[in-house]
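Have a look at the structure below, then the notes.
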Amino acid sequence: GVQTCALPISEVSDKPFPLVFIRAPWIDSVGDNVKILCKLNGHIVAARENNMLVTSFHPELTKNLDFHKYFINMIK
């Protein structure tokens, strides 16, 4: 099923960001060059390495565009 919550992701926005999870696995481990962007209940759910961005949640299923703007700005 679908699970939702809202958390601030400081790299993306100062205000809480809506997180929508659909059968989402979390990230078990990251390498030395990976920046963890968000954890939920101790599990990594968003991370970035250089121009690669991974999430366990679906930012495209919300009306909030902050995560999309973050992605566009990180590739400039």
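Going by the structure tokens order, chains are called A, B, ..., each with residues numbered from 1, while ligands are numbered from 1 in the order shown.
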
query = Taking the backbone alone, and naming residues the way the document does, which bits of chain A are strand (DSSP E or B) by DSSP, as a PyMOL selection string?
reply = chain A and resi 2-8+16-22+27+35-40+43-49+52-55

For the interface of region 23-76 of chain A with region 5-8 of chain A (cut-off 10 Å, counting only C-alpha atoms), please tabulate each contacting residue of region 23-76 of chain A alongside its nearest pair of atoms and their separation in Å to one decimal, rows sorted by chain and increasing number, as a tab-separated table.
residue	atom	partner	partner_atom	distance
A:Leu37	CA	A:Pro8	CA	9.9
A:Cys38	CA	A:Pro8	CA	8.4
A:Lys39	CA	A:Leu7	CA	9.2
A:Leu40	CA	A:Leu7	CA	8.5

I'd like a table as JSON lines: residues in region 13-36 of chain A with an atom no more than 8 Å from region 45-67 of chain A, each row giving the shortest atom pair and its distance in Å to one decimal, only C-alpha atoms counted, sorted by chain and rising residue number.
{"residue": "A:Ser13", "atom": "CA", "partner": "A:Asp66", "partner_atom": "CA", "distance": 6.8}
{"residue": "A:Phe17", "atom": "CA", "partner": "A:Asn64", "partner_atom": "CA", "distance": 7.5}
{"residue": "A:Pro18", "atom": "CA", "partner": "A:Thr62", "partner_atom": "CA", "distance": 7.0}
{"residue": "A:Leu19", "atom": "CA", "partner": "A:Phe57", "partner_atom": "CA", "distance": 5.8}
{"residue": "A:Val20", "atom": "CA", "partner": "A:Phe57", "partner_atom": "CA", "distance": 5.2}
{"residue": "A:Phe21", "atom": "CA", "partner": "A:Phe57", "partner_atom": "CA", "distance": 4.6}
{"residue": "A:Ile22", "atom": "CA", "partner": "A:Phe57", "partner_atom": "CA", "distance": 7.2}
{"residue": "A:Ala24", "atom": "CA", "partner": "A:Ser56", "partner_atom": "CA", "distance": 5.2}
{"residue": "A:Pro25", "atom": "CA", "partner": "A:Ser56", "partner_atom": "CA", "distance": 6.1}
{"residue": "A:Trp26", "atom": "CA", "partner": "A:Val45", "partner_atom": "CA", "distance": 5.3}
{"residue": "A:Ile27", "atom": "CA", "partner": "A:Val45", "partner_atom": "CA", "distance": 6.1}
{"residue": "A:Asn33", "atom": "CA", "partner": "A:Glu49", "partner_atom": "CA", "distance": 6.2}
{"residue": "A:Val34", "atom": "CA", "partner": "A:Glu49", "partner_atom": "CA", "distance": 4.7}
{"residue": "A:Lys35", "atom": "CA", "partner": "A:Arg48", "partner_atom": "CA", "distance": 5.2}
{"residue": "A:Ile36", "atom": "CA", "partner": "A:Ala47", "partner_atom": "CA", "distance": 4.4}

Could you turn the residues from that selection into a file that holds all heavy atoms, as a compact mmCIF listing (two decimals), in the first residue's frame?
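Output file out_28.txt is given in full below:
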# COMPACT_ATOMS: atom_id res chain seq x y z
N SER A 13 14.87 21.79 1.06
CA SER A 13 13.98 22.86 1.51
C SER A 13 13.99 22.94 3.03
O SER A 13 14.25 21.94 3.70
CB SER A 13 12.56 22.59 1.02
OG SER A 13 11.66 23.55 1.52
N PHE A 17 8.87 18.20 3.57
CA PHE A 17 8.61 17.76 2.20
C PHE A 17 7.73 16.51 2.27
O PHE A 17 8.00 15.59 3.05
CB PHE A 17 9.94 17.43 1.52
CG PHE A 17 9.80 17.06 0.08
CD1 PHE A 17 9.68 18.03 -0.89
CD2 PHE A 17 9.75 15.74 -0.30
CE1 PHE A 17 9.52 17.68 -2.23
CE2 PHE A 17 9.61 15.37 -1.62
CZ PHE A 17 9.49 16.36 -2.58
N PRO A 18 6.67 16.44 1.47
CA PRO A 18 5.81 15.26 1.49
C PRO A 18 6.51 14.06 0.84
O PRO A 18 7.04 14.16 -0.26
CB PRO A 18 4.58 15.68 0.67
CG PRO A 18 5.08 16.77 -0.22
CD PRO A 18 6.20 17.45 0.52
N LEU A 19 6.53 12.94 1.57
CA LEU A 19 7.14 11.71 1.06
C LEU A 19 6.05 10.68 0.83
O LEU A 19 5.25 10.39 1.72
CB LEU A 19 8.15 11.16 2.07
CG LEU A 19 9.23 12.11 2.56
CD1 LEU A 19 10.14 11.41 3.55
CD2 LEU A 19 10.04 12.69 1.42
N VAL A 20 5.99 10.15 -0.39
CA VAL A 20 5.00 9.13 -0.75
C VAL A 20 5.77 7.85 -1.09
O VAL A 20 6.61 7.84 -1.99
CB VAL A 20 4.16 9.57 -1.97
CG1 VAL A 20 3.18 8.47 -2.38
CG2 VAL A 20 3.42 10.87 -1.69
N PHE A 21 5.50 6.79 -0.33
CA PHE A 21 6.17 5.51 -0.53
C PHE A 21 5.19 4.50 -1.09
O PHE A 21 4.07 4.38 -0.62
CB PHE A 21 6.70 4.99 0.81
CG PHE A 21 7.78 5.85 1.41
CD1 PHE A 21 7.45 6.89 2.28
CD2 PHE A 21 9.11 5.63 1.12
CE1 PHE A 21 8.43 7.68 2.84
CE2 PHE A 21 10.09 6.42 1.69
CZ PHE A 21 9.75 7.44 2.55
N ILE A 22 5.65 3.76 -2.11
CA ILE A 22 4.85 2.68 -2.70
C ILE A 22 5.77 1.46 -2.80
O ILE A 22 6.67 1.44 -3.63
CB ILE A 22 4.33 3.05 -4.11
CG1 ILE A 22 3.52 4.32 -4.07
CG2 ILE A 22 3.53 1.89 -4.70
CD1 ILE A 22 3.14 4.84 -5.45
N ALA A 24 8.31 0.69 -1.28
CA ALA A 24 9.66 1.25 -1.43
C ALA A 24 10.68 0.57 -0.53
O ALA A 24 10.52 0.55 0.68
CB ALA A 24 9.63 2.74 -1.12
N PRO A 25 11.72 0.03 -1.12
CA PRO A 25 12.84 -0.44 -0.31
C PRO A 25 13.68 0.75 0.12
O PRO A 25 13.57 1.83 -0.46
CB PRO A 25 13.64 -1.32 -1.30
CG PRO A 25 13.36 -0.70 -2.63
CD PRO A 25 11.94 -0.17 -2.54
N TRP A 26 14.45 0.60 1.15
CA TRP A 26 15.37 1.67 1.54
C TRP A 26 16.76 1.32 1.06
O TRP A 26 17.01 0.23 0.57
CB TRP A 26 15.33 1.91 3.05
CG TRP A 26 15.57 0.68 3.88
CD1 TRP A 26 16.78 0.08 4.13
CD2 TRP A 26 14.60 -0.11 4.53
NE1 TRP A 26 16.60 -1.03 4.90
CE2 TRP A 26 15.28 -1.16 5.17
CE3 TRP A 26 13.22 -0.03 4.66
CZ2 TRP A 26 14.62 -2.13 5.92
CZ3 TRP A 26 12.58 -1.00 5.40
CH2 TRP A 26 13.27 -2.02 6.02
N ILE A 27 17.67 2.24 1.21
CA ILE A 27 19.06 2.06 0.79
C ILE A 27 19.80 1.46 1.97
O ILE A 27 19.82 2.03 3.07
CB ILE A 27 19.66 3.42 0.37
CG1 ILE A 27 18.84 4.01 -0.78
CG2 ILE A 27 21.12 3.26 -0.01
CD1 ILE A 27 19.06 5.50 -1.00
N ASN A 33 31.63 8.51 -1.26
CA ASN A 33 31.31 9.76 -1.96
C ASN A 33 29.82 10.08 -2.00
O ASN A 33 29.41 11.01 -2.67
CB ASN A 33 31.86 9.71 -3.39
CG ASN A 33 33.37 9.60 -3.40
OD1 ASN A 33 34.04 10.17 -2.55
ND2 ASN A 33 33.90 8.86 -4.35
N VAL A 34 29.01 9.29 -1.32
CA VAL A 34 27.57 9.46 -1.34
C VAL A 34 27.13 10.32 -0.17
O VAL A 34 27.53 10.10 0.97
CB VAL A 34 26.85 8.10 -1.29
CG1 VAL A 34 25.34 8.27 -1.23
CG2 VAL A 34 27.23 7.26 -2.50
N LYS A 35 26.29 11.30 -0.46
CA LYS A 35 25.71 12.16 0.58
C LYS A 35 24.31 11.66 0.88
O LYS A 35 23.47 11.58 -0.01
CB LYS A 35 25.66 13.61 0.10
CG LYS A 35 25.10 14.54 1.15
CD LYS A 35 25.24 15.98 0.74
CE LYS A 35 24.84 16.85 1.92
NZ LYS A 35 25.16 18.22 1.71
N ILE A 36 24.06 11.33 2.13
CA ILE A 36 22.73 10.92 2.55
C ILE A 36 21.88 12.17 2.73
O ILE A 36 22.25 13.07 3.47
CB ILE A 36 22.80 10.11 3.86
CG1 ILE A 36 23.57 8.81 3.62
CG2 ILE A 36 21.39 9.82 4.38
CD1 ILE A 36 23.91 8.06 4.90

message = Could you tell me how far CA of Ile9 (chain A) sits from CA of Met74 (chain A), in Å to one decimal place?
response =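 Spanning CA of Met74 (chain A) to CA of Ile9 (chain A) is a straight-line distance of 14.9 Å.
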
key: Picked from chain A by DSSP as helix (DSSP H, G or I), as a ChimeraX atom specification   = /A:59-61,66-74

task = Would you work out the distance separating CA of Asp32 (chain A) from CA of Lys15 (chain A), expressed in Å to one decimal?
result =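 Between CA of Asp32 (chain A) and CA of Lys15 (chain A) the gap works out to 27.9 Å.
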
key: Between CA of Asn41 (chain A) and CA of Thr4 (chain A) - distance in Å to one decimal   = 13.3 Å

ask   = Closest to Ser10 (chain A) among A:Tyr70, A:Arg23, A:Ile44, A:Ser29, using only C-alpha atoms?
value =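 Closest to Ser10 (chain A) of all the choices is A:Tyr70.
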